[in-house]
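In what follows, a single structure is set out as structure tokens and then discussed.
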Amino acid sequence: MINNIIIPETLQPIAAILAYYLEPLLAWFSHYICQQLVARRPDHPLIRIAQLLDFAVLERACASYHDSASPRGRPVTHTVPRLLRLLFIKYWSDLSLRQLEERLRYDLLVRWFVGYGLHQETPDHTTLHRFEVYLYQQHPGLFFSHVLNQIDATLDDGHEQVQIADTFALRANAALESLLQRLRHSSYLLLQAWQEATPVAYAAIESQLDGAALFGLKTEKRDCFLSQDEWRQRLLLTVQAIEDGLALLPVAEPCPASVQLYRQQLHKILADELSISRDADGRAAAVALLPAAKRGHFRLCSATDPDATIRNHGKGKIDFGFNISITATPDFIREICADTGSTSDVTPIPDLLTAQAERGHTLPQKLIYDQIAGTGKTAHEVTLVSHGRTQLVAKPMPPKKSRALGPDVFVLSDDGFTLTCPHSRLSCHRYRSGEGDGWTFRFMPAQCLGCPLLKECRGKLETPTTHRDVFISEYRLDFDRQRAYSQTDEFKEEMKLRPQVERLIAGVVLHNGARYARFRGLPKVDFQAKMCAMAYNAKRWLVLLAEKEGRARRPVRRRWELPPVSQG
């Protein structure tokens with residue numbers, strides 16, 4: 001056998017000659033077959049990408065990568081240039097690592113694109129996994145930003161004028177767990193991490209742990225078959241066993257990071273979900289679920305992936321996973337980031353603009369969003385991070401009114417020191433709000449005497465004996481400017497562009513693997529989102545270049561009309 005090629009027994013006498021000539025002959029034959037394949041399909045997307053996309057920048061950035069599993073002294077077959085192209089194929093075709101391994105083994109065009117000859121050994125999924133881990137740890141946004149830079153060098157998508165932003169759900173690679181399952185699963189992970197970190201210390205206290213209360217018996221009934229009292233009693237025993245176990249953990253000595261992480265995870269679940277009544281000794285005596293309004297906003301829903309939370313966008317739009325935010329032009333995704341599912345849609349908007357600026361890209365003059373961003377605070381943050389270059393374009397949010405005359409009908413002076421009511425009464429008495437996000441203006445009872453708007457303002461017609469406080473947000477002037485702009489014809493024309501972002505979201509979700517997470521943990525999911533957006537941009541790049549060069553035509557939408565009258 002020479003390089004995995006079996007030589008028949010009858011040719012063994014000339015094996016030395018074959019060893020000298022066979023390898024070059026196979027390399028020539030492999031090259032010839034691939035060239036014939038490329039010549040027959042020059043318009044194939046992979047062939048076009050190989051001609052357009054320069055991997056040199058990526059190769060230099062990843063030049064320090066070393067596969068620790070490869071034998072010392074053996075020539076490196078699976079080089080960084082090949083691994084980079086393989087990872088590109090993975091997200092281009094939305095494949096798992098095992099599917100990628102199989103594809104590379106039998107697809108001649110993929111072999112040619114990556115740089116493997118027909119006779120060469122290809123990497124397995126573990127080799128590919130090690131390189132992918134290196135990439136999302138060291139260069140998570142490298143592929144996305146490099147492909148976008150190459151697109152900008154060949155096409156102008158107008159990203160400096162207008163961009164559109166929105167969010168979508170990426171479902172977690174984990175199952176929702178009930179409260180008892182979360183507590184028991186987190187307890188198991190804590191004890192496992194403790195046993196691996198300090199096996200001697202764990203062995204010393206293992207007999208003191210109540211395994212039956214912590215994890216239940218194999219013969220116990222499932223939670224769904226328990227009565228409310230039985231379920232509450234099982235939960236109480238589990239909480240007591242968890243607190244007893246946590247008390248055994250060392251406090252003075254520094255705990256390993258993994259043990260500390262799972263301990264914090266258990267404390268968070270208990271604090272976010274339960275109200276615990278204690279006896280005189282401080283031991284849990286009764287447990288009850290907290291009301292929905294008092295539970296934690298970022299509650300852990302699965303110990304398998306603690307970073308994934310519930311994304312609630314109304315009836316029928318509840319997803320367990322991550323909230324993916326994008327800014328885009330009608331053709332390309334300009335920035336993308338992942339947050340845990342419970343994150344508000346408007347929270348990542350400043351980060352999206354900051355990321356573009358850090359890459360050296362010019363920020364847009366207008367950023368179009370839906371009504372959820374129509375607040376003065378969001379508009380102020382966009383102006384702040386863009387240094388006044390970017391204007392947020394969004395329909396203003398309707399004010400929350402507790403009475404007929406809310407704060408929105410009071411007029412704030414330009415300097416912010418006086419407030420005028422609808423009946424032209426002025427107040428100069430202002431106080432900083434408790435949260436520091438605005439001012440409270442006070443109208444004294446004497447100012448409201450004889451006012452015809454008394455019932456609408458105070459809810460009753462009686463002579464006022466108390467003052468009226470009006471809270472004015474710190475961002476009131478930003479909101480007033482946003483509301484005034486929303487009445488212009490320019491605003492109405494710009495808002496017609498907003499639905500176009502849905503087409504990009506559909507493309508990256510349905511055809512580029514951004515619906516279900518392949519990883520667990522926020523940093524890895526963010527890497528997946530960027531790679532999926534990179535694949536979408538690369539495919540869209542080929543389409544637009546083909547139209548620009550006259551090799552393709554944009555399809556015309558079909559319009560149904562009355563059939564013509566036949567001439568009989």
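For the structure tokens, the naming scheme is as follows: chains receive sequential letters (A, B, ...) according to their order of presentation, residues are indexed from 1 within each chain, and ligands are indexed from 1 in presentation order.
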Skipping near chain neighbours, those fewer than 4 positions away, what residues fall within 7 Å of Leu237 in chain A using only C-alpha atoms, listed as a compact mmCIF listing (two decimals) with all heavy atoms, in the first residue's frame?
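Result written to part_0.txt:
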# COMPACT_ATOMS: atom_id res chain seq x y z
N ALA A 213 -34.47 12.95 47.53
CA ALA A 213 -35.16 14.24 47.48
C ALA A 213 -34.63 15.12 46.35
O ALA A 213 -35.39 15.87 45.74
CB ALA A 213 -35.00 14.96 48.82
N GLN A 233 -45.46 19.52 47.82
CA GLN A 233 -44.65 18.80 48.81
C GLN A 233 -43.36 18.27 48.17
O GLN A 233 -42.29 18.34 48.79
CB GLN A 233 -45.47 17.63 49.39
CG GLN A 233 -44.74 16.81 50.43
CD GLN A 233 -44.38 17.61 51.67
OE1 GLN A 233 -45.02 18.61 51.98
NE2 GLN A 233 -43.33 17.19 52.36
N ALA A 241 -33.46 19.84 49.99
CA ALA A 241 -32.26 19.05 49.67
C ALA A 241 -31.23 19.91 48.93
O ALA A 241 -30.02 19.77 49.16
CB ALA A 241 -32.65 17.84 48.82
I want to know what sits within 10 Å of Leu522 in chain A, based on only C-alpha atoms, with residues of the same chain fewer than 2 positions away left out; could you give that as a list in words?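 Near Leu522 in chain A, the qualifying residues are Asp305, Pro306, Asp307, Ala308, Gly321, Phe322, Cys337, Ala338, Asp339, Thr340, Phe519, Arg520, Lys524, Val525, Asp526, Phe527 and Gln528 of chain A.
Using only C-alpha atoms, the smallest distance between any of A:Asp408, A:Asp415, A:Asp223, A:Glu335 and Glu358 in chain A comes from A:Glu335.
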Here CA of Leu191 in chain A and CA of Gln240 in chain A stand apart by 15.8 Å
Could you pull out the strand (DSSP E) residues of range 369-511 of chain A from DSSP and send them as an MDAnalysis selection string? chainID A and resid 391:393 411:412 419:420 426:427 430:432 438:443 468:473
